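Q: Here you go, target.cif (mmCIF, C-alpha atoms):
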```
data_input
loop_
_atom_site.label_atom_id
_atom_site.label_comp_id
_atom_site.auth_asym_id
_atom_site.auth_seq_id
_atom_site.Cartn_x
_atom_site.Cartn_y
_atom_site.Cartn_z
CA MET A 1 0.00 0.00 0.00
CA ILE A 2 1.46 3.34 -1.06
CA PRO A 3 0.98 6.10 1.53
CA LYS A 4 -0.91 9.28 0.78
CA LEU A 5 1.25 12.03 -0.59
CA GLU A 6 0.86 15.22 1.40
CA ASN A 7 4.22 16.80 0.70
CA LYS A 8 3.55 19.85 -1.46
CA THR A 9 7.22 20.20 -2.40
CA ILE A 10 7.50 16.93 -4.34
CA LYS A 11 8.70 17.68 -7.87
CA SER A 12 9.38 14.14 -9.09
CA LEU A 13 7.16 11.07 -8.65
CA GLN A 14 7.83 7.54 -9.93
CA LEU A 15 5.17 4.83 -9.78
CA PHE A 16 6.53 2.03 -11.94
CA TYR A 17 4.68 -1.29 -11.89
CA CYS A 18 2.41 -0.44 -8.98
CA GLY A 19 -0.83 -1.69 -10.52
CA ILE A 20 -2.34 1.80 -10.37
CA ILE A 21 -5.85 2.45 -11.70
CA SER A 22 -6.38 5.89 -10.18
CA LEU A 23 -4.20 8.50 -8.51
CA LYS A 24 -6.96 9.76 -6.22
CA ASP A 25 -5.82 7.63 -3.28
CA PHE A 26 -2.55 9.54 -3.15
CA GLN A 27 -4.19 12.94 -2.60
CA LEU A 28 -2.24 14.34 -5.51
CA ASP A 29 -4.03 17.66 -5.21
CA ASN A 30 -1.24 18.51 -2.79
CA LEU A 31 1.42 18.14 -5.48
CA GLU A 32 1.34 21.71 -6.65
CA VAL A 33 4.85 21.79 -8.13
CA LEU A 34 5.10 18.33 -9.70
CA GLU A 35 7.39 18.48 -12.73
CA ILE A 36 8.30 14.82 -13.38
CA LEU A 37 5.85 11.91 -13.42
CA ASN A 38 6.72 8.31 -14.32
CA LEU A 39 4.03 5.64 -14.69
CA SER A 40 3.92 2.14 -16.16
CA LYS A 41 1.67 -0.78 -17.01
CA ILE A 42 -1.44 1.38 -17.39
CA GLN A 43 -4.64 0.04 -18.95
CA SER A 44 -7.15 2.46 -17.45
CA ASN A 45 -8.49 5.70 -18.92
CA THR A 46 -9.20 6.97 -15.40
CA LEU A 47 -5.69 8.35 -15.11
CA ILE A 48 -5.94 10.59 -18.12
CA GLN A 49 -7.88 13.47 -16.56
CA GLU A 50 -5.81 13.20 -13.40
CA ILE A 51 -2.55 13.65 -15.29
CA VAL A 52 -3.88 16.59 -17.30
CA ARG A 53 -4.45 18.47 -14.02
CA PHE A 54 -0.72 18.85 -13.43
CA LYS A 55 -0.07 22.16 -15.14
CA THR A 56 3.57 22.25 -14.01
CA LEU A 57 4.60 18.97 -15.66
CA LYS A 58 7.81 19.16 -17.66
CA GLU A 59 8.68 15.48 -18.00
CA LEU A 60 6.31 12.55 -18.45
CA CYS A 61 7.30 8.90 -18.76
CA LEU A 62 4.68 6.29 -19.69
CA VAL A 63 5.84 2.69 -20.10
CA GLU A 64 3.36 0.12 -21.41
CA TRP A 65 0.63 2.75 -21.56
CA LEU A 66 -2.04 0.78 -23.38
CA VAL A 67 -4.76 3.42 -23.68
CA ASP A 68 -5.38 6.57 -25.71
CA ILE A 69 -2.62 9.23 -25.81
CA ASN A 70 -4.76 12.07 -27.21
CA PHE A 71 -4.77 13.70 -23.78
CA LEU A 72 -1.15 14.71 -24.38
CA SER A 73 -2.35 17.58 -26.55
CA HIS A 74 -3.40 19.31 -23.30
CA ILE A 75 0.08 19.12 -21.72
CA THR A 76 1.96 21.40 -24.07
CA SER A 77 4.42 22.40 -21.34
CA LEU A 78 6.26 19.07 -21.70
CA THR A 79 9.93 19.26 -22.64
CA LYS A 80 10.64 15.53 -22.25
CA LEU A 81 8.31 12.66 -23.14
CA THR A 82 8.82 8.91 -22.95
CA LEU A 83 6.33 6.51 -24.52
CA CYS A 84 8.03 3.13 -24.47
CA ASP A 85 6.31 -0.09 -25.50
CA CYS A 86 2.93 1.65 -25.71
CA ASP A 87 1.55 -0.01 -28.85
CA LEU A 88 1.15 3.37 -30.55
CA HIS A 89 -1.20 3.48 -33.52
CA ASP A 90 -1.72 7.22 -33.97
CA THR A 91 1.04 9.68 -33.10
CA ASN A 92 -0.60 12.76 -34.61
CA THR A 93 -1.32 14.11 -31.11
CA LEU A 94 2.39 14.75 -30.66
CA ARG A 95 2.18 17.65 -33.11
CA TYR A 96 0.89 19.85 -30.26
CA LEU A 97 3.97 19.27 -28.09
CA VAL A 98 6.04 21.93 -29.81
CA ASN A 99 8.19 22.52 -26.71
CA LEU A 100 9.58 18.99 -26.65
CA LEU A 101 13.35 18.78 -26.44
CA GLN A 102 13.67 15.06 -25.72
CA LEU A 103 11.49 12.22 -27.02
CA ASP A 104 11.75 8.47 -26.42
CA LEU A 105 9.51 6.21 -28.50
CA SER A 106 11.48 3.00 -28.15
CA SER A 107 9.81 -0.39 -28.62
CA ASN A 108 7.01 0.97 -30.79
CA GLU A 109 6.37 0.02 -34.40
CA ASP A 110 4.74 2.01 -37.21
CA ILE A 111 6.22 5.37 -36.18
CA ASN A 112 7.36 6.45 -39.65
CA THR A 113 4.44 8.88 -39.79
CA LEU A 114 5.54 10.95 -36.80
CA PRO A 115 4.55 14.64 -37.17
CA LEU A 116 8.19 15.71 -36.91
CA GLN A 117 7.61 18.89 -38.90
CA TYR A 118 6.02 20.25 -35.70
CA LEU A 119 8.73 18.93 -33.34
CA THR A 120 11.64 20.86 -34.76
CA GLN A 121 12.96 21.82 -31.29
CA LEU A 122 13.96 18.23 -30.53
CA THR A 123 17.60 17.82 -29.52
CA ALA A 124 17.49 14.17 -28.36
CA LEU A 125 15.56 11.22 -29.79
CA TRP A 126 15.44 7.54 -28.84
CA LEU A 127 14.00 5.04 -31.32
CA GLN A 128 15.29 1.71 -30.10
CA SER A 129 13.69 -1.52 -31.37
CA CYS A 130 11.16 0.20 -33.65
CA CYS A 131 11.67 -2.00 -36.76
CA LEU A 132 12.92 1.04 -38.68
CA VAL A 133 14.20 0.43 -42.20
CA SER A 134 14.92 4.05 -43.15
CA LEU A 135 15.83 7.28 -41.35
CA ASP A 136 14.62 9.62 -44.08
CA PHE A 137 11.66 10.77 -41.99
CA LEU A 138 14.08 12.43 -39.53
CA ARG A 139 15.17 15.12 -42.00
CA PRO A 140 13.04 17.92 -40.38
CA LEU A 141 14.96 17.61 -37.08
CA THR A 142 17.69 20.11 -37.89
CA LYS A 143 18.44 20.80 -34.19
CA LEU A 144 18.90 17.15 -33.23
CA LYS A 145 22.13 16.54 -31.31
CA TYR A 146 21.63 12.98 -30.02
CA LEU A 147 20.01 10.00 -31.75
CA ASP A 148 19.74 6.38 -30.60
CA VAL A 149 18.42 3.84 -33.12
CA TYR A 150 19.69 0.67 -31.48
CA ASP A 151 18.26 -2.64 -32.72
CA ASN A 152 16.55 -1.72 -35.98
CA LEU A 153 16.79 -2.72 -39.65
CA ILE A 154 18.74 0.31 -40.87
CA ILE A 155 21.19 -0.05 -43.78
CA TYR A 156 21.87 3.55 -44.84
CA LEU A 157 22.87 6.46 -42.58
CA GLN A 158 22.95 9.12 -45.28
CA PRO A 159 19.73 10.91 -44.16
CA VAL A 160 21.05 11.65 -40.65
CA THR A 161 24.53 12.65 -41.82
CA GLU A 162 22.77 15.67 -43.33
CA LEU A 163 21.71 16.80 -39.83
CA LYS A 164 24.55 19.22 -39.14
CA GLU A 165 23.89 19.53 -35.39
CA LEU A 166 23.88 15.75 -34.79
CA ALA A 167 26.94 14.96 -32.67
CA GLU A 168 26.11 11.58 -31.09
CA LEU A 169 24.65 8.57 -32.90
CA GLY A 170 23.96 5.20 -31.32
CA ALA A 171 23.27 2.66 -34.06
CA ARG A 172 24.23 -0.69 -32.57
CA LYS A 173 22.66 -3.88 -33.86
CA ASN A 174 21.62 -2.78 -37.34
CA TYR A 175 22.73 -3.61 -40.91
CA ILE A 176 24.67 -0.46 -41.79
CA ILE A 177 26.96 -0.67 -44.84
CA ASP A 178 27.38 2.90 -46.17
CA SER A 179 30.91 3.65 -44.96
CA LEU A 180 31.18 6.70 -47.25
CA ALA A 181 28.34 8.46 -45.42
CA ILE A 182 30.07 7.74 -42.11
CA GLN A 183 33.37 9.19 -43.38
CA GLN A 184 31.62 12.36 -44.52
CA SER A 185 29.76 12.84 -41.23
CA ASN A 186 30.64 15.21 -38.38
CA PHE A 187 29.77 12.83 -35.53
CA GLN A 188 31.70 13.26 -32.29
CA SER A 189 30.45 9.94 -30.93
CA LEU A 190 29.40 6.96 -33.05
CA ASP A 191 28.41 3.47 -31.87
CA LEU A 192 28.23 0.87 -34.66
CA ASN A 193 28.77 -2.31 -32.65
CA ASN A 194 27.13 -5.61 -33.63
CA GLN A 195 26.29 -4.83 -37.26
CA GLU A 196 24.87 -7.73 -39.28
CA GLN A 197 25.04 -8.41 -43.01
CA PRO A 198 21.81 -7.40 -44.79
CA THR A 199 20.04 -9.93 -46.98
CA LYS A 200 19.31 -9.28 -50.67
CA GLU A 201 15.68 -8.65 -49.82
CA GLN A 202 16.60 -6.11 -47.12
CA LEU A 203 18.91 -4.32 -49.56
CA LYS A 204 16.17 -4.23 -52.17
CA VAL A 205 13.68 -2.68 -49.74
CA ALA A 206 16.25 -0.19 -48.41
CA ASN A 207 17.26 0.87 -51.92
CA MET A 208 13.64 1.35 -52.92
CA MET A 209 12.99 3.55 -49.88
CA ARG A 210 16.20 5.50 -50.46
CA ASP A 211 15.24 6.15 -54.07
CA VAL A 212 11.75 7.26 -53.10
CA ASN A 213 13.13 9.79 -50.60
CA ASN A 214 16.16 10.92 -52.62
CA PRO A 215 15.57 14.56 -53.70
CA VAL A 216 17.73 14.17 -56.84
CA ILE A 217 15.81 11.10 -57.96
CA LYS A 218 12.55 12.83 -57.06
CA LEU A 219 13.55 15.75 -59.30
CA LYS A 220 14.38 13.38 -62.16
CA GLN A 221 11.06 11.61 -61.68
CA GLN A 222 9.21 14.93 -61.64
CA ARG A 223 10.98 16.02 -64.83
CA GLN A 224 10.15 12.69 -66.44
CA GLN A 225 6.53 13.01 -65.34
CA LEU A 226 6.46 16.57 -66.72
CA GLY A 227 7.93 15.34 -70.00
CA ASN A 228 5.36 12.55 -70.17
CA LEU A 229 2.59 15.05 -69.45
CA LYS A 230 3.79 17.40 -72.20
CA GLN A 231 4.02 14.47 -74.60
CA GLN A 232 0.49 13.40 -73.69
CA GLN A 233 -0.72 16.98 -74.17
CA PHE A 234 1.00 17.13 -77.58
CA LYS A 235 -0.59 13.83 -78.63
CA PHE A 236 -3.95 15.07 -77.38
CA ARG A 237 -3.59 18.31 -79.32
CA LEU A 238 -2.46 16.33 -82.36
CA LYS A 239 -5.53 14.15 -82.10
CA ILE A 240 -7.71 17.25 -81.81
CA SER A 241 -5.94 18.77 -84.83
CA GLU A 242 -6.45 15.57 -86.81
CA SER A 243 -10.09 15.48 -85.78
CA LEU A 244 -10.59 19.13 -86.74
CA GLN A 245 -8.77 18.53 -90.00
CA LYS A 246 -11.09 15.65 -90.82
CA GLN A 247 -14.14 17.76 -89.94
CA LEU A 248 -12.80 20.66 -92.02
CA THR A 249 -12.17 18.33 -94.96
CA LYS A 250 -15.73 17.06 -94.74
CA HIS A 251 -17.04 20.64 -94.65
CA VAL A 252 -14.94 21.55 -97.71
CA GLN A 253 -16.16 18.47 -99.54
CA PHE A 254 -19.74 19.33 -98.61
CA ILE A 255 -19.31 22.91 -99.86
CA GLU A 256 -17.76 21.67 -103.09
CA MET A 257 -20.63 19.23 -103.62
CA ALA A 258 -23.18 21.94 -102.83
CA THR A 259 -21.44 24.33 -105.26
CA GLN A 260 -21.43 21.73 -108.01
CA LEU A 261 -25.10 20.97 -107.39
CA PHE A 262 -25.93 24.69 -107.42
CA GLN A 263 -24.06 25.11 -110.70
CA GLN A 264 -25.88 22.15 -112.22
CA VAL A 265 -29.27 23.54 -111.13
CA SER A 266 -28.37 26.99 -112.48
CA SER A 267 -27.27 25.49 -115.78
CA PHE A 268 -30.50 23.50 -116.05
CA ASP A 269 -32.61 26.62 -115.37
CA GLY A 270 -30.65 28.52 -118.04
CA HIS A 271 -31.45 25.96 -120.69
CA GLN A 272 -35.14 26.22 -119.92
#
```
What do you get writing this file as C-alpha cells?

A:
Amino acid sequence: MIPKLENKTIKSLQLFYCGIISLKDFQLDNLEVLEILNLSKIQSNTLIQEIVRFKTLKELCLVEWLVDINFLSHITSLTKLTLCDCDLHDTNTLRYLVNLLQLDLSSNEDINTLPLQYLTQLTALWLQSCCLVSLDFLRPLTKLKYLDVYDNLIIYLQPVTELKELAELGARKNYIIDSLAIQQSNFQSLDLNNQEQPTKEQLKVANMMRDVNNPVIKLKQQRQQLGNLKQQQFKFRLKISESLQKQLTKHVQFIEMATQLFQQVSSFDGHQ
C-alpha cells in the first residue's frame, strides 16, 4: 500500500509497476509543483484526466501505456516525453507538443508517420527496437544533437549525416553498410557495434525507400513526369488537330458538292 502524498514540495514522482488504476488515493491535489511523473503498465483511462491536471509537468514517462494518448495535446508544457512499448497506432497528437526537447519512442512500431515537422525543437531522440528500415523521416529535425536507433533494420545512414547539429549517434545492432556516409559525417560519438550483413531482400527494400526519398531522384522523376505530361498533351492536341482537319475536310467536300449541285441547277434553269 502506497501512503498518501501530502508533501507539497514533491517535484518528481515515480510509480513504476504499482498496478495503479487511479491517482486519487494519493491525494495528488497537494502536489502543486510536480514536474516529473513516471508511470507504467497502465490500462485504465481513469488516469488521463488526473494527469492533465498537473499544469507544471515538464517530463512525463509512460511505459506500457495501453490506452489513448490524445490527452497529451493538453500538456503542451512538456519538454521531455517517454512513450516506451505503448503499442502506438496514432502519433498525430504529438504535433501539439512543440516545446519537446527530448522524445523516447522506443519499442514501438509504425512510427514512420511521426509529425516531426512540428517537433523541430527536438535535440534528443530515442527510437530503439522500432523495426525502422529508413531514417529519411528524420530530416526535419535540424536541431537534433543525439540519436539512438539501437536494434533496428537500418542499412543507410545518409539521411542523418545531413543533420549538421547531430553529434552523437547510437546505431548498434543494425545492418549499416554505407561507410562513405560515415566518413563524410561530423559525428563526435558513433556506436556501430554488432552490425549484421543485410540480406538481398533487405537491400532491395532499403534501396527502394532510399530512391523514393532521394531529392535528386525525385527531381528526375518529376521532370520525367512533366515530360510525359507534355508528350500526352501534344498527342492530345495532335488528335484534336487531326479530328478538326477531318471535320474541315468534310465541310470543304460538302461545300464543293453543294457548289457543283448549285451550278448544275443553275445550268439546267438557263437551258429552260

Q: Which residues of segment 26-144 of chain A sit at most 9 Å from segment 156-159 of chain A, using all atoms listed in the file? Give each one's shortest atom pair and distance in Å (one decimal place), in chain and ascending residue order, as JSON lines.

A:
```
{"residue": "A:Val133", "atom": "CA", "partner": "A:Tyr156", "partner_atom": "CA", "distance": 8.7}
{"residue": "A:Ser134", "atom": "CA", "partner": "A:Tyr156", "partner_atom": "CA", "distance": 7.2}
{"residue": "A:Leu135", "atom": "CA", "partner": "A:Pro159", "partner_atom": "CA", "distance": 6.0}
{"residue": "A:Asp136", "atom": "CA", "partner": "A:Pro159", "partner_atom": "CA", "distance": 5.3}
{"residue": "A:Phe137", "atom": "CA", "partner": "A:Pro159", "partner_atom": "CA", "distance": 8.4}
{"residue": "A:Leu138", "atom": "CA", "partner": "A:Pro159", "partner_atom": "CA", "distance": 7.5}
{"residue": "A:Arg139", "atom": "CA", "partner": "A:Pro159", "partner_atom": "CA", "distance": 6.6}
```

Q: Using all atoms listed in the file, can you tell me which of A:Leu66, A:Leu192, A:Met208, A:Leu103 comes closest to Tyr175 of chain A?

A: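 Smallest separation from Tyr175 of chain A among the options: A:Leu192.
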
Q: Name the residues in contact with segment 105-112 of chain A at a cut-off of 8 Å, using all atoms listed in the file, excluding same-chain residues fewer than 4 positions from it; report them as a ChimeraX atom specification.

A: /A:82-89,91,125-132,137

Q: Find the axis-aligned box for segment 48-64 of chain A, covering all its listed atoms and adding 4 Å on each side, and write its centre and edge lengths in Å to one decimal as JSON.

A:
```
{"center_x": 0.4, "center_y": 11.2, "center_z": -17.4, "size_x": 24.6, "size_y": 30.1, "size_z": 16.0}
```

Q: Let me make sure I understand: among A:Gln197, A:Asn207, A:Gln102, A:Thr142, which one has the smallest atom-to-atom distance to Thr120 of chain A if we use all atoms listed in the file?

A: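 Smallest distance to Thr120 of chain A is found for A:Thr142.
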
Q: In Å, rounded to a single decimal, give me how far atom CA of Val63 of chain A is from atom CA of Ile36 of chain A.

A: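 Spanning atom CA of Ile36 of chain A to atom CA of Val63 of chain A is a straight-line distance of 14.1 Å.
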
Q: With a distance cut-off of 12 Å and all atoms listed in the file, select the neighbouring residues of Ile75 of chain A, excluding the residue or stretch itself and same-chain residues fewer than 4 positions from it, and output the selection as a list in words.

A: Glu35, Ile48, Gln49, Glu50, Ile51, Val52, Arg53, Phe54, Lys55, Thr56, Leu57, Lys58, Glu59, Leu60, Ile69, Asn70, Phe71, Thr79, Lys80, Leu81, Thr93, Leu94, Arg95, Tyr96, Leu97, Val98, Asn99 and Leu100 of chain A
